[in-house]
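Q: Just one file: target-v3.cif, with mmCIF, C-alpha atoms.
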```
data_upload
loop_
_atom_site.group_PDB
_atom_site.id
_atom_site.type_symbol
_atom_site.label_atom_id
_atom_site.label_comp_id
_atom_site.auth_asym_id
_atom_site.auth_seq_id
_atom_site.Cartn_x
_atom_site.Cartn_y
_atom_site.Cartn_z
ATOM 1 C CA MET A 245 -70.436 -53.832 132.596
ATOM 2 C CA ASP A 246 -70.442 -57.462 133.699
ATOM 3 C CA LEU A 247 -67.310 -59.367 134.717
ATOM 4 C CA SER A 248 -67.001 -61.214 131.400
ATOM 5 C CA THR A 249 -67.138 -57.985 129.356
ATOM 6 C CA ALA A 250 -64.695 -56.260 131.689
ATOM 7 C CA SER A 251 -62.232 -59.147 131.399
ATOM 8 C CA THR A 252 -62.466 -59.095 127.587
ATOM 9 C CA VAL A 253 -61.843 -55.362 127.421
ATOM 10 C CA LEU A 254 -58.937 -55.543 129.842
ATOM 11 C CA ARG A 255 -57.333 -58.297 127.742
ATOM 12 C CA LEU A 256 -57.700 -56.094 124.661
ATOM 13 C CA LEU A 257 -56.128 -53.130 126.418
ATOM 14 C CA ALA A 258 -53.228 -55.266 127.637
ATOM 15 C CA ASP A 259 -51.739 -54.994 124.136
ATOM 16 C CA PRO A 260 -49.639 -51.801 123.683
ATOM 17 C CA THR A 261 -50.473 -51.492 119.974
ATOM 18 C CA ARG A 262 -54.198 -51.432 120.647
ATOM 19 C CA VAL A 263 -53.729 -48.755 123.292
ATOM 20 C CA ARG A 264 -51.738 -46.689 120.776
ATOM 21 C CA LEU A 265 -54.502 -47.143 118.201
ATOM 22 C CA LEU A 266 -57.183 -45.970 120.630
ATOM 23 C CA ALA A 267 -55.107 -42.941 121.601
ATOM 24 C CA LEU A 268 -54.879 -41.931 117.934
ATOM 25 C CA LEU A 269 -58.512 -42.677 117.125
ATOM 26 C CA GLU A 270 -59.705 -40.550 120.033
ATOM 27 C CA ARG A 271 -57.893 -37.661 118.345
ATOM 28 C CA GLU A 272 -58.743 -38.236 114.692
ATOM 29 C CA GLU A 273 -60.581 -40.417 112.201
ATOM 30 C CA LEU A 274 -57.977 -42.410 110.225
ATOM 31 C CA THR A 275 -57.640 -45.107 107.581
ATOM 32 C CA VAL A 276 -55.658 -48.326 108.011
ATOM 33 C CA ALA A 277 -52.894 -46.935 105.781
ATOM 34 C CA GLU A 278 -52.694 -43.725 107.811
ATOM 35 C CA LEU A 279 -52.589 -45.633 111.095
ATOM 36 C CA ALA A 280 -49.855 -47.873 109.722
ATOM 37 C CA ALA A 281 -47.841 -44.811 108.689
ATOM 38 C CA VAL A 282 -48.154 -43.198 112.118
ATOM 39 C CA LEU A 283 -47.402 -46.387 114.065
ATOM 40 C CA HIS A 284 -44.666 -47.621 111.675
ATOM 41 C CA LEU A 285 -46.446 -50.984 111.439
ATOM 42 C CA ALA A 286 -47.587 -53.192 108.565
ATOM 43 C CA GLN A 287 -51.155 -52.627 107.398
ATOM 44 C CA PRO A 288 -52.286 -56.264 107.977
ATOM 45 C CA ARG A 289 -51.189 -56.035 111.598
ATOM 46 C CA VAL A 290 -53.103 -52.769 112.053
ATOM 47 C CA SER A 291 -56.204 -54.302 110.430
ATOM 48 C CA THR A 292 -56.089 -57.280 112.800
ATOM 49 C CA HIS A 293 -55.992 -55.045 115.860
ATOM 50 C CA LEU A 294 -58.768 -52.823 114.500
ATOM 51 C CA ALA A 295 -60.997 -55.841 113.932
ATOM 52 C CA LYS A 296 -60.640 -56.838 117.595
ATOM 53 C CA LEU A 297 -61.350 -53.297 118.793
ATOM 54 C CA LYS A 298 -64.370 -53.031 116.516
ATOM 55 C CA GLU A 299 -65.720 -56.361 117.761
ATOM 56 C CA ALA A 300 -65.511 -54.994 121.310
ATOM 57 C CA GLU A 301 -67.356 -51.842 120.135
ATOM 58 C CA LEU A 302 -64.424 -49.637 121.086
ATOM 59 C CA VAL A 303 -63.940 -48.554 117.456
ATOM 60 C CA ARG A 304 -66.373 -47.821 114.635
ATOM 61 C CA ASP A 305 -65.806 -47.220 110.924
ATOM 62 C CA ARG A 306 -67.278 -45.080 108.151
ATOM 63 C CA ARG A 307 -67.091 -45.751 104.432
ATOM 64 C CA ALA A 308 -66.194 -42.911 102.061
ATOM 65 C CA GLY A 309 -65.793 -44.169 98.513
ATOM 66 C CA VAL A 310 -63.183 -46.923 98.509
ATOM 67 C CA SER A 311 -61.770 -45.869 101.893
ATOM 68 C CA ALA A 312 -62.794 -46.856 105.413
ATOM 69 C CA TYR A 313 -62.196 -44.339 108.178
ATOM 70 C CA TYR A 314 -61.907 -45.582 111.759
ATOM 71 C CA ARG A 315 -62.515 -43.649 114.947
ATOM 72 C CA PHE A 316 -63.033 -44.235 118.658
ATOM 73 C CA ASN A 317 -66.647 -45.183 119.326
ATOM 74 C CA GLY A 318 -68.079 -42.331 121.353
ATOM 75 C CA GLU A 319 -71.435 -44.120 121.409
ATOM 76 C CA ALA A 320 -70.055 -47.084 123.325
ATOM 77 C CA ASP A 321 -71.239 -48.049 126.803
ATOM 78 C CA PRO A 322 -70.316 -45.087 129.077
ATOM 79 C CA THR A 323 -68.465 -47.521 131.364
ATOM 80 C CA LEU A 324 -66.229 -48.576 128.463
ATOM 81 C CA HIS A 325 -65.602 -44.937 127.604
ATOM 82 C CA THR A 326 -64.665 -44.182 131.216
ATOM 83 C CA LEU A 327 -62.275 -47.133 131.330
ATOM 84 C CA VAL A 328 -60.463 -46.096 128.149
ATOM 85 C CA THR A 329 -60.331 -42.449 129.234
ATOM 86 C CA SER A 330 -58.905 -43.436 132.620
ATOM 87 C CA LEU A 331 -56.218 -45.515 130.935
ATOM 88 C CA ARG A 332 -55.329 -42.705 128.545
ATOM 89 C CA ASP A 333 -55.109 -40.120 131.327
ATOM 90 C CA THR A 334 -52.768 -42.254 133.438
ATOM 91 C CA ILE A 335 -50.278 -43.199 130.693
ATOM 92 C CA ASN A 336 -47.208 -41.073 130.047
ATOM 93 C CA ASP A 337 -45.236 -42.866 127.354
ATOM 94 C CA ALA A 338 -42.749 -41.818 124.693
ATOM 95 C CA LEU A 339 -44.324 -44.037 122.007
ATOM 96 C CA ILE A 340 -47.732 -42.377 122.372
ATOM 97 C CA ARG A 341 -46.145 -38.926 122.323
ATOM 98 C CA GLU A 342 -44.213 -39.814 119.151
ATOM 99 C CA ASP A 343 -47.408 -41.107 117.512
ATOM 100 C CA ALA A 344 -49.116 -37.799 118.277
ATOM 101 C CA GLU A 345 -46.177 -35.886 116.791
ATOM 102 C CA ARG A 346 -46.307 -37.907 113.538
ATOM 103 C CA LEU A 347 -50.070 -37.557 113.132
ATOM 104 C CA PRO A 348 -50.156 -33.999 111.682
ATOM 105 C CA SER A 349 -47.847 -34.889 108.794
ATOM 106 C CA VAL A 350 -50.022 -37.887 107.872
ATOM 107 C CA LEU A 351 -53.136 -35.696 107.924
ATOM 108 C CA ALA A 352 -51.345 -33.110 105.802
ATOM 109 C CA GLN A 353 -50.553 -35.778 103.215
ATOM 110 C CA ARG A 354 -54.236 -36.742 103.118
ATOM 111 C CA ALA A 355 -55.304 -33.132 102.618
ATOM 112 C CA ARG A 356 -52.838 -32.652 99.759
ATOM 113 C CA ALA A 357 -54.034 -35.842 98.084
ATOM 114 C CA GLU A 358 -57.809 -35.447 98.496
ATOM 115 C CA GLY A 359 -58.653 -32.008 99.836
ATOM 116 C CA TRP A 360 -59.814 -31.567 103.424
ATOM 117 C CA ALA A 361 -63.514 -31.173 102.656
ATOM 118 C CA ASP A 362 -63.572 -34.363 100.594
ATOM 119 C CA THR A 363 -62.049 -36.402 103.419
ATOM 120 C CA VAL A 364 -64.728 -35.393 105.951
ATOM 121 C CA ALA A 365 -67.763 -35.222 103.652
ATOM 122 C CA GLY A 366 -70.829 -36.640 105.401
ATOM 123 C CA ASP A 367 -69.241 -36.263 108.846
ATOM 124 C CA MET A 368 -68.037 -32.664 108.669
ATOM 125 C CA GLU A 369 -69.572 -31.465 111.947
ATOM 126 C CA ARG A 370 -67.201 -33.695 113.957
ATOM 127 C CA HIS A 371 -64.027 -32.290 112.445
ATOM 128 C CA TYR A 372 -62.104 -29.152 113.293
ATOM 129 C CA SER A 373 -60.852 -26.661 110.754
ATOM 130 C CA PRO A 374 -59.275 -23.303 111.705
ATOM 131 C CA GLY A 375 -61.904 -20.757 112.706
ATOM 132 C CA ARG A 376 -64.811 -23.093 111.860
ATOM 133 C CA THR A 377 -66.366 -23.885 115.238
ATOM 134 C CA TRP A 378 -69.908 -24.128 116.596
ATOM 135 C CA GLU A 379 -69.277 -20.956 118.610
ATOM 136 C CA THR A 380 -68.402 -18.905 115.521
ATOM 137 C CA VAL A 381 -71.408 -20.303 113.640
ATOM 138 C CA ALA A 382 -73.715 -19.391 116.542
ATOM 139 C CA ARG A 383 -72.278 -15.894 116.926
ATOM 140 C CA SER A 384 -72.564 -15.285 113.184
ATOM 141 C CA LEU A 385 -76.188 -16.409 112.957
ATOM 142 C CA LEU A 386 -77.189 -14.432 116.049
ATOM 143 C CA GLN A 387 -76.516 -11.240 114.110
ATOM 144 C CA LEU A 388 -79.726 -11.988 112.195
ATOM 145 C CA LEU A 389 -81.842 -11.842 115.373
ATOM 146 C CA GLU A 390 -83.664 -9.022 117.096
ATOM 147 C CA THR A 391 -84.969 -10.510 120.329
ATOM 148 C CA GLY A 392 -86.384 -7.475 122.141
ATOM 149 C CA ASP A 393 -86.802 -7.985 125.906
ATOM 150 C CA VAL A 394 -85.681 -11.464 126.968
ATOM 151 C CA LEU A 395 -86.137 -13.571 130.107
ATOM 152 C CA ASP A 396 -83.647 -16.445 130.454
ATOM 153 C CA ILE A 397 -84.966 -18.915 133.067
ATOM 154 C CA ALA A 398 -82.473 -21.269 134.754
ATOM 155 C CA SER A 399 -79.823 -19.219 133.012
ATOM 156 C CA GLY A 400 -76.829 -20.891 134.660
ATOM 157 C CA ASP A 401 -73.633 -18.877 134.553
ATOM 158 C CA GLY A 402 -74.859 -16.700 131.683
ATOM 159 C CA VAL A 403 -73.385 -18.250 128.558
ATOM 160 C CA THR A 404 -76.633 -17.897 126.551
ATOM 161 C CA ALA A 405 -77.182 -14.334 127.714
ATOM 162 C CA GLU A 406 -73.615 -13.505 126.718
ATOM 163 C CA LEU A 407 -74.383 -14.614 123.160
ATOM 164 C CA LEU A 408 -77.738 -12.809 122.986
ATOM 165 C CA ALA A 409 -76.865 -9.571 124.788
ATOM 166 C CA PRO A 410 -75.590 -7.673 121.709
ATOM 167 C CA HIS A 411 -78.862 -8.452 119.904
ATOM 168 C CA ALA A 412 -81.417 -7.845 122.675
ATOM 169 C CA ARG A 413 -82.971 -4.686 124.079
ATOM 170 C CA SER A 414 -82.732 -6.181 127.568
ATOM 171 C CA ILE A 415 -82.152 -9.555 129.224
ATOM 172 C CA VAL A 416 -83.143 -10.725 132.694
ATOM 173 C CA CYS A 417 -81.435 -13.917 133.872
ATOM 174 C CA ILE A 418 -83.039 -15.990 136.625
ATOM 175 C CA ASP A 419 -81.384 -18.885 138.453
ATOM 176 C CA SER A 420 -82.070 -20.487 141.826
ATOM 177 C CA SER A 421 -78.430 -20.916 142.879
ATOM 178 C CA ASP A 422 -76.706 -18.027 144.622
ATOM 179 C CA ARG A 423 -73.280 -19.261 143.543
ATOM 180 C CA VAL A 424 -74.316 -19.641 139.901
ATOM 181 C CA VAL A 425 -75.901 -16.172 139.958
ATOM 182 C CA GLU A 426 -72.639 -14.661 141.171
ATOM 183 C CA ALA A 427 -70.751 -16.420 138.383
ATOM 184 C CA ALA A 428 -73.243 -15.062 135.834
ATOM 185 C CA ARG A 429 -72.925 -11.532 137.182
ATOM 186 C CA SER A 430 -69.176 -11.745 136.775
ATOM 187 C CA ARG A 431 -69.437 -13.089 133.220
ATOM 188 C CA LEU A 432 -72.056 -10.532 132.149
ATOM 189 C CA SER A 433 -70.762 -7.465 133.973
ATOM 190 C CA ALA A 434 -69.767 -5.735 130.717
ATOM 191 C CA PHE A 435 -73.348 -5.742 129.389
ATOM 192 C CA LYS A 436 -75.443 -2.838 130.653
ATOM 193 C CA ASN A 437 -78.640 -4.335 129.229
ATOM 194 C CA VAL A 438 -78.386 -7.565 131.282
ATOM 195 C CA GLU A 439 -79.707 -8.085 134.810
ATOM 196 C CA VAL A 440 -79.026 -11.265 136.801
ATOM 197 C CA ARG A 441 -81.319 -12.296 139.652
ATOM 198 C CA GLN A 442 -81.676 -15.170 142.086
ATOM 199 C CA GLY A 443 -85.209 -16.492 141.819
ATOM 200 C CA ASP A 444 -87.668 -19.362 141.506
ATOM 201 C CA MET A 445 -89.075 -20.203 138.051
ATOM 202 C CA HIS A 446 -92.299 -21.331 139.741
ATOM 203 C CA ALA A 447 -92.895 -17.867 141.243
ATOM 204 C CA LEU A 448 -91.591 -15.146 138.937
ATOM 205 C CA ASP A 449 -91.838 -11.713 140.551
ATOM 206 C CA LEU A 450 -91.224 -9.734 137.384
ATOM 207 C CA GLY A 451 -94.552 -8.150 136.509
ATOM 208 C CA ALA A 452 -97.007 -8.961 133.741
ATOM 209 C CA ASP A 453 -96.720 -8.433 129.971
ATOM 210 C CA ARG A 454 -93.007 -7.655 130.130
ATOM 211 C CA PHE A 455 -91.024 -9.936 127.809
ATOM 212 C CA ASP A 456 -90.943 -10.554 124.050
ATOM 213 C CA LEU A 457 -89.093 -13.849 124.475
ATOM 214 C CA VAL A 458 -88.773 -16.311 127.358
ATOM 215 C CA LEU A 459 -86.097 -19.013 127.206
ATOM 216 C CA LEU A 460 -86.480 -22.346 128.985
ATOM 217 C CA LEU A 461 -83.270 -23.967 127.801
ATOM 218 C CA HIS A 462 -82.879 -27.179 129.814
ATOM 219 C CA ALA A 463 -84.783 -25.574 132.677
ATOM 220 C CA LEU A 464 -87.786 -27.887 132.874
ATOM 221 C CA THR A 465 -85.820 -30.961 133.983
ATOM 222 C CA TYR A 466 -85.124 -29.039 137.202
ATOM 223 C CA SER A 467 -88.828 -28.469 137.883
ATOM 224 C CA GLU A 468 -91.123 -30.570 140.044
ATOM 225 C CA ASP A 469 -94.111 -28.598 138.711
ATOM 226 C CA PRO A 470 -93.408 -27.712 135.058
ATOM 227 C CA ALA A 471 -97.063 -26.826 134.394
ATOM 228 C CA GLN A 472 -96.714 -24.020 136.948
ATOM 229 C CA VAL A 473 -93.608 -22.792 135.119
ATOM 230 C CA PHE A 474 -95.646 -22.425 131.920
ATOM 231 C CA GLN A 475 -98.322 -20.512 133.859
ATOM 232 C CA GLN A 476 -95.655 -18.108 135.095
ATOM 233 C CA VAL A 477 -94.195 -17.742 131.599
ATOM 234 C CA ALA A 478 -97.602 -16.909 130.113
ATOM 235 C CA HIS A 479 -98.052 -14.194 132.768
ATOM 236 C CA VAL A 480 -94.772 -12.400 132.042
ATOM 237 C CA LEU A 481 -94.968 -12.632 128.224
ATOM 238 C CA LYS A 482 -96.221 -9.672 126.228
ATOM 239 C CA PRO A 483 -99.138 -10.325 123.854
ATOM 240 C CA GLY A 484 -97.535 -11.899 120.796
ATOM 241 C CA GLY A 485 -94.457 -12.839 122.824
ATOM 242 C CA ARG A 486 -92.852 -16.255 122.414
ATOM 243 C CA VAL A 487 -91.423 -18.954 124.652
ATOM 244 C CA LEU A 488 -88.700 -21.322 123.465
ATOM 245 C CA ALA A 489 -88.176 -24.490 125.508
ATOM 246 C CA ALA A 490 -85.539 -27.166 124.963
ATOM 247 C CA THR A 491 -85.431 -30.173 127.253
ATOM 248 C CA LEU A 492 -84.606 -33.850 127.466
ATOM 249 C CA GLY A 493 -87.126 -36.187 125.934
ATOM 250 C CA GLU A 494 -88.746 -38.832 128.108
ATOM 251 C CA HIS A 495 -86.286 -41.488 129.313
ATOM 252 C CA ASP A 496 -85.819 -44.067 132.055
ATOM 253 C CA HIS A 497 -82.193 -43.396 132.973
ATOM 254 C CA ARG A 498 -82.705 -41.985 136.459
ATOM 255 C CA ALA A 499 -79.271 -43.064 137.722
ATOM 256 C CA VAL A 500 -77.547 -41.183 134.885
ATOM 257 C CA VAL A 501 -79.298 -37.851 135.528
ATOM 258 C CA GLU A 502 -79.390 -37.926 139.342
ATOM 259 C CA PRO A 503 -75.840 -36.487 139.666
ATOM 260 C CA PHE A 504 -77.110 -33.464 137.691
ATOM 261 C CA ASP A 505 -79.967 -32.830 140.156
ATOM 262 C CA HIS A 506 -82.742 -33.440 137.617
ATOM 263 C CA ARG A 507 -86.184 -33.489 139.197
ATOM 264 C CA ASN A 508 -87.913 -35.498 136.466
ATOM 265 C CA LEU A 509 -87.206 -37.882 133.589
ATOM 266 C CA GLY A 510 -87.858 -35.572 130.668
ATOM 267 C CA PHE A 511 -90.915 -34.846 128.544
ATOM 268 C CA SER A 512 -92.738 -35.817 125.392
ATOM 269 C CA CYS A 513 -94.010 -33.344 122.808
ATOM 270 C CA THR A 514 -97.514 -34.320 123.893
ATOM 271 C CA SER A 515 -96.859 -33.328 127.505
ATOM 272 C CA LEU A 516 -95.112 -30.078 126.545
ATOM 273 C CA ARG A 517 -97.962 -29.110 124.225
ATOM 274 C CA ALA A 518 -100.518 -29.849 126.945
ATOM 275 C CA MET A 519 -98.730 -27.691 129.519
ATOM 276 C CA ALA A 520 -98.282 -24.804 127.077
ATOM 277 C CA THR A 521 -101.915 -24.825 125.914
ATOM 278 C CA GLY A 522 -103.056 -25.265 129.529
ATOM 279 C CA ALA A 523 -101.330 -21.958 130.271
ATOM 280 C CA GLY A 524 -103.163 -20.260 127.400
ATOM 281 C CA LEU A 525 -100.279 -20.334 124.914
ATOM 282 C CA GLU A 526 -100.490 -21.204 121.222
ATOM 283 C CA VAL A 527 -98.038 -23.910 120.207
ATOM 284 C CA ILE A 528 -96.159 -23.070 117.006
ATOM 285 C CA SER A 529 -94.016 -26.207 116.848
ATOM 286 C CA CYS A 530 -92.723 -29.089 118.930
ATOM 287 C CA GLU A 531 -90.099 -31.452 117.552
ATOM 288 C CA ARG A 532 -87.066 -33.568 118.294
ATOM 289 C CA LEU A 533 -83.851 -31.573 117.925
ATOM 290 C CA SER A 534 -81.216 -34.254 118.391
ATOM 291 C CA ARG A 535 -80.321 -37.722 119.608
ATOM 292 C CA GLU A 536 -76.969 -38.177 121.321
ATOM 293 C CA ARG A 537 -74.562 -40.615 119.712
ATOM 294 C CA ARG A 538 -73.286 -41.859 123.043
ATOM 295 C CA ALA A 539 -75.355 -44.294 125.114
ATOM 296 C CA PRO A 540 -77.907 -43.924 126.627
ATOM 297 C CA HIS A 541 -78.743 -41.806 123.554
ATOM 298 C CA PHE A 542 -80.641 -38.965 125.214
ATOM 299 C CA GLU A 543 -82.978 -37.052 122.935
ATOM 300 C CA VAL A 544 -83.625 -33.309 123.125
ATOM 301 C CA ILE A 545 -87.003 -31.896 122.146
ATOM 302 C CA SER A 546 -87.934 -28.275 121.584
ATOM 303 C CA LEU A 547 -91.199 -26.374 121.872
ATOM 304 C CA LEU A 548 -91.929 -22.925 120.448
ATOM 305 C CA ALA A 549 -95.161 -21.228 121.553
ATOM 306 C CA ARG A 550 -96.614 -17.736 121.692
ATOM 307 C CA ARG A 551 -99.033 -15.787 123.819
ATOM 308 C CA PRO A 552 -102.115 -14.874 121.812
ATOM 309 C CA GLY A 553 -102.681 -11.230 120.924
ATOM 310 C CA ARG A 554 -101.041 -8.564 118.851
ATOM 311 C CA PRO A 555 -97.522 -7.494 119.862
ATOM 312 C CA ASN A 556 -97.312 -4.262 121.800
ATOM 313 C CA ALA A 557 -96.315 -1.242 119.778
#
```
Do you think you could lay out the structure here as structure tokens?

A:
Amino acid sequence: MDLSTASTVLRLLADPTRVRLLALLEREELTVAELAAVLHLAQPRVSTHLAKLKEAELVRDRRAGVSAYYRFNGEADPTLHTLVTSLRDTINDALIREDAERLPSVLAQRARAEGWADTVAGDMERHYSPGRTWETVARSLLQLLETGDVLDIASGDGVTAELLAPHARSIVCIDSSDRVVEAARSRLSAFKNVEVRQGDMHALDLGADRFDLVLLLHALTYSEDPAQVFQQVAHVLKPGGRVLAATLGEHDHRAVVEPFDHRNLGFSCTSLRAMATGAGLEVISCERLSRERRAPHFEVISLLARRPGRPNA
């Protein structure tokens, strides 16, 4: 952020009403009328402030029929987001607390008038409703899977293995960090079919033809020799076994990923396909999974491949 932009943003945030608006719009997507009701202000005044915040890219809007819903712009420059978050976290004010207390009644009025689903149509994944979370969706869908023997490479503290354990014959988790391995062992101690090891994905000492499924979920960005990782994966897969990789797409944001210890700047589908086929695997699919809303808009790509041959009986 240059000095001119910083000065403009700081002038915007010098107004208490605009700070109150941002605090509300970080919580919920709201119309001008709803914001006016929460803040006890006239709608034209609220609209004027929103226009200034939108011009500064701190707020964005979404049309739904005749209504416009405003929310905090999570895709704004990360520096802007950090500045607003810092301000929010350091303010302890009665007005902001009172706004937060009035918000549920305004949302309840909306739900009675329109129905909750109607108010979030087209943007439903961003909004909470009781019991409807990504975790419950994932746990529900996992009941459809039978994964057999699984190897989870760069498994972190075991959150993926925890989800898969009830649906797998066995899971071996590999991570290079002793501290992370200990955390995973603690998390997964209740599962008798899960083993957690410290190890190097470039030199897997696990035997040949052992696993039905190998997971490389955000593992490859930590590799300085990803082609060797695919060679190792091909060795430990059973005939007919599959590997699922998810990783950042190619980017040029080295400064952003350096704090996370990434060893490379992501991959293209072309490079993933080449490494998989170079290891003797058959690529089933490679595609973009998502693009982050927040700058710098990282993309995630996924590759699914299999080792040739008929599955073991």

Q: Could you pull out every residue with an atom within 12 Å of (-47.9, -41.0, 118.5), file coordinates, counting only C-alpha atoms, and send them as a ChimeraX atom specification?

A: /A:261,263-272,279-284,336-350

Q: Which residues, named as in the file, does the PyMOL selection byres ((chain A and resi 393-397) around 6) pick out? Answer as a tab-separated table (two decimals) with C-alpha atoms, in the frame of the given file.

A:
```tsv
chain	number	residue	atom	x	y	z
A	392	GLY	CA	-86.38	-7.48	122.14
A	398	ALA	CA	-82.47	-21.27	134.75
A	399	SER	CA	-79.82	-19.22	133.01
A	413	ARG	CA	-82.97	-4.69	124.08
A	414	SER	CA	-82.73	-6.18	127.57
A	415	ILE	CA	-82.15	-9.56	129.22
A	416	VAL	CA	-83.14	-10.72	132.69
A	417	CYS	CA	-81.44	-13.92	133.87
A	418	ILE	CA	-83.04	-15.99	136.62
A	455	PHE	CA	-91.02	-9.94	127.81
A	456	ASP	CA	-90.94	-10.55	124.05
A	457	LEU	CA	-89.09	-13.85	124.48
A	458	VAL	CA	-88.77	-16.31	127.36
A	459	LEU	CA	-86.10	-19.01	127.21
A	460	LEU	CA	-86.48	-22.35	128.99
```

Q: If the PyMOL selection byres ((chain A and resi 408) around 10) is run on the structure shown, which residues does it catch, given as number ranges by chain?

A: A: 383, 386-387, 389-391, 394, 402-407, 409-415, 438

Q: Only C-alpha atoms, please: the residues just picked out, written as a PDB file, in the frame of the given file.

A:
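After the write, selection.pdb holds the following:
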```pdb
ATOM      1  CA  ARG A 383     -72.278 -15.894 116.926  1.00  0.00           C
ATOM      2  CA  LEU A 386     -77.189 -14.432 116.049  1.00  0.00           C
ATOM      3  CA  GLN A 387     -76.516 -11.240 114.110  1.00  0.00           C
ATOM      4  CA  LEU A 389     -81.842 -11.842 115.373  1.00  0.00           C
ATOM      5  CA  GLU A 390     -83.664  -9.022 117.096  1.00  0.00           C
ATOM      6  CA  THR A 391     -84.969 -10.510 120.329  1.00  0.00           C
ATOM      7  CA  VAL A 394     -85.681 -11.464 126.968  1.00  0.00           C
ATOM      8  CA  GLY A 402     -74.859 -16.700 131.683  1.00  0.00           C
ATOM      9  CA  VAL A 403     -73.385 -18.250 128.558  1.00  0.00           C
ATOM     10  CA  THR A 404     -76.633 -17.897 126.551  1.00  0.00           C
ATOM     11  CA  ALA A 405     -77.182 -14.334 127.714  1.00  0.00           C
ATOM     12  CA  GLU A 406     -73.615 -13.505 126.718  1.00  0.00           C
ATOM     13  CA  LEU A 407     -74.383 -14.614 123.160  1.00  0.00           C
ATOM     14  CA  ALA A 409     -76.865  -9.571 124.788  1.00  0.00           C
ATOM     15  CA  PRO A 410     -75.590  -7.673 121.709  1.00  0.00           C
ATOM     16  CA  HIS A 411     -78.862  -8.452 119.904  1.00  0.00           C
ATOM     17  CA  ALA A 412     -81.417  -7.845 122.675  1.00  0.00           C
ATOM     18  CA  ARG A 413     -82.971  -4.686 124.079  1.00  0.00           C
ATOM     19  CA  SER A 414     -82.732  -6.181 127.568  1.00  0.00           C
ATOM     20  CA  ILE A 415     -82.152  -9.555 129.224  1.00  0.00           C
ATOM     21  CA  VAL A 438     -78.386  -7.565 131.282  1.00  0.00           C
TER      22      VAL A 438
END
```

Q: Just give me the gap between CA of Asp469 (chain A) and CA of Gly522 (chain A) in Å, one decimal is fine.

A: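 Atom-to-atom, CA of Asp469 (chain A) to CA of Gly522 (chain A), that is 13.2 Å.
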
Q: When the PyMOL selection byres ((chain A and resi 536) around 12) is applied to the file above, which residues end up in the set, as a PyMOL selection string?

A: chain A and resi 318-320+492-493+532-535+537-545

Q: Keeping C-alpha atoms, export the residues of the selection given above as a short mmCIF file (atom, residue, chain, number, x, y, z; two decimals), in the frame of the given file.

A:
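Output saved as part-v5.cif:
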```cif
data_model
loop_
_atom_site.label_atom_id
_atom_site.label_comp_id
_atom_site.auth_asym_id
_atom_site.auth_seq_id
_atom_site.Cartn_x
_atom_site.Cartn_y
_atom_site.Cartn_z
CA GLY A 318 -68.08 -42.33 121.35
CA GLU A 319 -71.44 -44.12 121.41
CA ALA A 320 -70.06 -47.08 123.32
CA LEU A 492 -84.61 -33.85 127.47
CA GLY A 493 -87.13 -36.19 125.93
CA ARG A 532 -87.07 -33.57 118.29
CA LEU A 533 -83.85 -31.57 117.92
CA SER A 534 -81.22 -34.25 118.39
CA ARG A 535 -80.32 -37.72 119.61
CA ARG A 537 -74.56 -40.62 119.71
CA ARG A 538 -73.29 -41.86 123.04
CA ALA A 539 -75.36 -44.29 125.11
CA PRO A 540 -77.91 -43.92 126.63
CA HIS A 541 -78.74 -41.81 123.55
CA PHE A 542 -80.64 -38.97 125.21
CA GLU A 543 -82.98 -37.05 122.94
CA VAL A 544 -83.62 -33.31 123.12
CA ILE A 545 -87.00 -31.90 122.15
#
```

Q: Fewer than 4 positions away in the same chain doesn't count, so skip those; otherwise give me all residues within 12 Å of region 292-305 of chain A, counting all atoms listed in the file, as a short mmCIF file (atom, residue, chain, number, x, y, z; two decimals) with C-alpha atoms, keeping the file's coordinate frame.

A:
```
data_model
loop_
_atom_site.label_atom_id
_atom_site.label_comp_id
_atom_site.auth_asym_id
_atom_site.auth_seq_id
_atom_site.Cartn_x
_atom_site.Cartn_y
_atom_site.Cartn_z
CA SER A 248 -67.00 -61.21 131.40
CA THR A 249 -67.14 -57.98 129.36
CA ALA A 250 -64.69 -56.26 131.69
CA SER A 251 -62.23 -59.15 131.40
CA THR A 252 -62.47 -59.10 127.59
CA VAL A 253 -61.84 -55.36 127.42
CA LEU A 254 -58.94 -55.54 129.84
CA ARG A 255 -57.33 -58.30 127.74
CA LEU A 256 -57.70 -56.09 124.66
CA LEU A 257 -56.13 -53.13 126.42
CA ASP A 259 -51.74 -54.99 124.14
CA PRO A 260 -49.64 -51.80 123.68
CA THR A 261 -50.47 -51.49 119.97
CA ARG A 262 -54.20 -51.43 120.65
CA VAL A 263 -53.73 -48.76 123.29
CA ARG A 264 -51.74 -46.69 120.78
CA LEU A 265 -54.50 -47.14 118.20
CA LEU A 266 -57.18 -45.97 120.63
CA ALA A 267 -55.11 -42.94 121.60
CA LEU A 268 -54.88 -41.93 117.93
CA LEU A 269 -58.51 -42.68 117.12
CA GLU A 270 -59.70 -40.55 120.03
CA GLU A 272 -58.74 -38.24 114.69
CA GLU A 273 -60.58 -40.42 112.20
CA LEU A 274 -57.98 -42.41 110.22
CA THR A 275 -57.64 -45.11 107.58
CA VAL A 276 -55.66 -48.33 108.01
CA LEU A 279 -52.59 -45.63 111.10
CA ALA A 280 -49.86 -47.87 109.72
CA LEU A 285 -46.45 -50.98 111.44
CA ALA A 286 -47.59 -53.19 108.56
CA GLN A 287 -51.16 -52.63 107.40
CA PRO A 288 -52.29 -56.26 107.98
CA SER A 311 -61.77 -45.87 101.89
CA ALA A 312 -62.79 -46.86 105.41
CA TYR A 313 -62.20 -44.34 108.18
CA TYR A 314 -61.91 -45.58 111.76
CA ARG A 315 -62.52 -43.65 114.95
CA PHE A 316 -63.03 -44.24 118.66
CA ASN A 317 -66.65 -45.18 119.33
CA GLY A 318 -68.08 -42.33 121.35
CA GLU A 319 -71.44 -44.12 121.41
CA ALA A 320 -70.06 -47.08 123.32
CA ASP A 321 -71.24 -48.05 126.80
CA PRO A 322 -70.32 -45.09 129.08
CA THR A 323 -68.46 -47.52 131.36
CA LEU A 324 -66.23 -48.58 128.46
CA HIS A 325 -65.60 -44.94 127.60
CA THR A 326 -64.67 -44.18 131.22
CA LEU A 327 -62.28 -47.13 131.33
CA VAL A 328 -60.46 -46.10 128.15
CA THR A 329 -60.33 -42.45 129.23
CA ASP A 367 -69.24 -36.26 108.85
CA ARG A 538 -73.29 -41.86 123.04
#
```
